Amino acid sequence: MRFLYPELLWLLAFLPLLALLRGRRSAAPALIFSSTSLAASMAAGRKAGPGSVVAALRFMALVLLILAVARPQLGNTTTEIEASGIDILLAVDVSGSMEALDFTLDGKAANRLDVVKSVMNTFIKERPNDRIGLLAFSGRPYMVSPLTLDHDWLLKRLESLSIGMVEDGTAIGSAIGSGLNRLRDRDAKSRIMILLTDGMNNAGNVPPLVAAEAAEALGIKVYTIGAGTRGEAPMPVLDRFGRKHLRRVKVDIDDETLGKVAEMTGGQYFRATDTKSLEKVYKEINSMETTTRNIKKFENYRELYPWFIFAALFFLGVEIVMGRKRLP
């Protein structure tokens with residue numbers, strides 16, 4: 001429900017003031033009696049007058065008339081959104097090394113995976129018309145969400161990502177191969193994969209460059225991202241007493257292989273060494289893979305002001321009838 005002229009509803013604010021002014025003008029009549037017994041006998045035989053009820057009816061009628069002038073309308077809106085024709089598969093490394101604390105989130109040190117999830121959350125929200133899927137991998141790939149336009153569901157699945165959800169390792173080639181199986185049979189105008197890892201391929205049965213050749217043959221573009229500082233990064237480890245300590249570990253990212261995978265498929269390789277650069281990477285990919293939005297909006301509203309006018313006339317009619325009532 002909406003009002004076509006909502007600014008007229010401000011007139012309702014003057015009604016309490018009108019009631020106050022009317023109450024001050026209406027002074028109670030006074031009569032002088034020679035005896036209080038006479039006044040008592042008159043009061044005993046007097047019926048309550050309809051004055052207060054009449055006033056209430058008049059103000060109710062005014063309220064309804066103001067609402068009618070503001071043009072209340074009841075309607076429904078239907079919005080049709082046509083998919084952009086771009087299918088995107090997000091492949092995320094969830095191996096143990098993603099626990100390294102070389103990124104920040106809200107000004108505090110955070111592990112790589114938490115920051116990646118935050119950045120990808122924004123990326124997904126900025127592409128409402130794309131079918132997007134989510135794949136996690138470490139020692140093997142694991143499909144977290146198929147390609148979908150239900151981004152609320154997708155964001156919930158993204159939030160569920162955790163380190164150690166699959167056996168440890170970094171199966172980059174297998175992850176690309178699994179992603180291709182999800183994208184190959186789609187009739188989308190454009191199909192892309194965005195693969196993020198912080199390590200080197202050391203698991204799985206598919207070499208990354210072989211998987212890249214398959215992607216090239218299928219016309220699927222692969223963007224690759226290497227996440228992590230250069231050199232060493234602080235990694236939380238537990239001692240034999242279960243206490244957590246930070247230890248400096250070497251960062252090993254195969255920039256050369258990731259770059260070749262992207263080049264072979266028509267994509268691009270990015271290196272993100274901190275939170276800001278990671279955000280910049282996803283923004284750049286977002287700008288390169290533009291979409292066309294086709295939105296159709298249908299609105300249908302039904303006027304309600306006649307009902308408010310009829311109700312106001314009803315109250316005015318009742319007021320007239322009660323106003324003519326005579327006291328005995």
# chains A, B, ... in the order shown; residues from 1 in each chain; ligands from 1
>>> select_by_dssp(residues="stretch 92-300 of chain A", states="strand (DSSP E)", output="PyMOL selection string")
chain A and resi 92-93+103-105+108-110+131-137+141-148+190-197+221-227+232-238+244-250+269-272+294-300
>>> closest_atom_pairs(of="stretch 234-309 of chain A", to="stretch 98-102 of chain A", cutoff="7 Å", atoms="only C-alpha atoms", output="tab-separated table")
residue	atom	partner	partner_atom	distance
A:Pro234	CA	A:Leu101	CA	5.5
A:Met235	CA	A:Ala100	CA	4.5
A:Pro236	CA	A:Ala100	CA	6.9
>>> closest_residue(among="A:Leu209, A:Leu90, A:Gly242, A:Ser178", to="A:Thr148", atoms="only C-alpha atoms")
A:Leu90
>>> residues_around(residues="A:Val69", least_positions_apart="5", cutoff="9 Å", atoms="only C-alpha atoms", output="PyMOL selection string")
chain A and resi 5+8-9+64+305+309
>>> closest_residue(among="A:Val237, A:Lys280, A:Arg71, A:Gly204", to="A:Met120", atoms="only C-alpha atoms")
A:Lys280
>>> residues_around(residues="A:Pro208", least_positions_apart="3", cutoff="8 Å", atoms="only C-alpha atoms", output="PyMOL selection string")
chain A and resi 172-174+176+201+211-212+257+261
>>> write_last_selection(atoms="N, CA and C atoms", output="compact mmCIF listing (two decimals), in the first residue's frame")
# COMPACT_ATOMS: atom_id res chain seq x y z
N ILE A 172 45.71 -28.09 -7.57
CA ILE A 172 45.28 -27.02 -8.46
C ILE A 172 44.73 -27.59 -9.77
N GLY A 173 45.45 -28.53 -10.39
CA GLY A 173 45.00 -29.10 -11.64
C GLY A 173 43.67 -29.81 -11.52
N SER A 174 43.49 -30.57 -10.44
CA SER A 174 42.23 -31.28 -10.23
C SER A 174 41.09 -30.29 -10.00
N ILE A 176 40.85 -27.26 -11.28
CA ILE A 176 40.49 -26.70 -12.59
C ILE A 176 39.67 -27.71 -13.38
N ASN A 201 51.03 -26.76 -6.77
CA ASN A 201 50.33 -28.02 -7.03
C ASN A 201 51.16 -29.20 -6.51
N ALA A 211 45.15 -29.29 -17.45
CA ALA A 211 43.81 -28.77 -17.21
C ALA A 211 43.58 -27.46 -17.95
N ALA A 212 44.62 -26.64 -18.04
CA ALA A 212 44.51 -25.37 -18.77
C ALA A 212 44.27 -25.61 -20.25
N THR A 257 53.53 -21.14 -13.05
CA THR A 257 52.48 -22.05 -13.53
C THR A 257 51.12 -21.36 -13.54
N VAL A 261 48.70 -20.82 -16.83
CA VAL A 261 47.30 -21.27 -16.87
C VAL A 261 46.40 -20.13 -17.34
>>> residues_around(residues="A:Glu289", least_positions_apart="2", cutoff="9 Å", atoms="only C-alpha atoms", output="ChimeraX atom specification")
/A:86,190,192,284-287,291
>>> select_by_dssp(residues="stretch 45-142 of chain A", states="alpha helix (DSSP H)", output="mmCIF file with C-alpha atoms, in the first residue's frame")
data_model
loop_
_atom_site.group_PDB
_atom_site.id
_atom_site.type_symbol
_atom_site.label_atom_id
_atom_site.label_comp_id
_atom_site.auth_asym_id
_atom_site.auth_seq_id
_atom_site.Cartn_x
_atom_site.Cartn_y
_atom_site.Cartn_z
ATOM 1 C CA GLY A 45 -33.409 13.297 35.341
ATOM 2 C CA GLY A 51 -21.677 15.993 22.472
ATOM 3 C CA SER A 52 -18.397 14.157 22.999
ATOM 4 C CA VAL A 53 -19.384 11.323 20.661
ATOM 5 C CA VAL A 54 -20.423 13.818 17.981
ATOM 6 C CA ALA A 55 -17.066 15.572 18.226
ATOM 7 C CA ALA A 56 -15.221 12.266 17.934
ATOM 8 C CA LEU A 57 -17.227 11.339 14.843
ATOM 9 C CA ARG A 58 -16.449 14.701 13.249
ATOM 10 C CA PHE A 59 -12.715 14.297 13.818
ATOM 11 C CA MET A 60 -12.800 10.713 12.542
ATOM 12 C CA ALA A 61 -14.479 11.962 9.371
ATOM 13 C CA LEU A 62 -11.769 14.611 8.968
ATOM 14 C CA VAL A 63 -9.040 11.995 9.364
ATOM 15 C CA LEU A 64 -10.616 9.809 6.701
ATOM 16 C CA LEU A 65 -11.054 12.748 4.313
ATOM 17 C CA ILE A 66 -7.379 13.701 4.664
ATOM 18 C CA LEU A 67 -6.363 10.103 3.998
ATOM 19 C CA ALA A 68 -8.635 10.055 0.936
ATOM 20 C CA VAL A 69 -7.094 13.257 -0.444
ATOM 21 C CA ARG A 112 43.893 -15.706 4.417
ATOM 22 C CA LEU A 113 40.672 -17.686 4.123
ATOM 23 C CA ASP A 114 38.627 -15.290 6.272
ATOM 24 C CA VAL A 115 39.766 -12.341 4.163
ATOM 25 C CA VAL A 116 39.101 -14.210 0.911
ATOM 26 C CA LYS A 117 35.563 -15.019 2.093
ATOM 27 C CA SER A 118 34.948 -11.356 2.929
ATOM 28 C CA VAL A 119 36.221 -10.124 -0.437
ATOM 29 C CA MET A 120 34.320 -12.797 -2.372
ATOM 30 C CA ASN A 121 31.150 -11.898 -0.466
ATOM 31 C CA THR A 122 31.372 -8.376 -1.887
ATOM 32 C CA PHE A 123 32.191 -9.715 -5.363
ATOM 33 C CA ILE A 124 29.089 -11.930 -5.387
ATOM 34 C CA LYS A 125 26.803 -9.118 -4.212
#
>>> residues_around(residues="A:Asp252", least_positions_apart="5", cutoff="8 Å", atoms="only C-alpha atoms", output="ChimeraX atom specification")
/A:198-200
>>> atom_distance(atom1="atom CA of A:Gly228", atom2="atom CA of A:Thr197")
8.8 Å
>>> atom_distance(atom1="atom CA of A:Asp255", atom2="atom CA of A:Leu155")
29.0 Å
>>> residues_around(residues="A:Ile88", least_positions_apart="6", cutoff="10 Å", atoms="only C-alpha atoms", output="PyMOL selection string")
chain A and resi 124+127+130-134+147-148+179+183+188+190-194+220-222+289
>>> atom_distance(atom1="atom CA of A:Lys276", atom2="atom CA of A:Val94")
20.4 Å
>>> closest_residue(among="A:Lys260, A:Ser97, A:Leu105, A:Thr275", to="A:Val210", atoms="only C-alpha atoms")
A:Lys260
>>> closest_residue(among="A:Ala19, A:Gly177, A:Thr170, A:Val318", to="A:Asp254", atoms="only C-alpha atoms")
A:Thr170
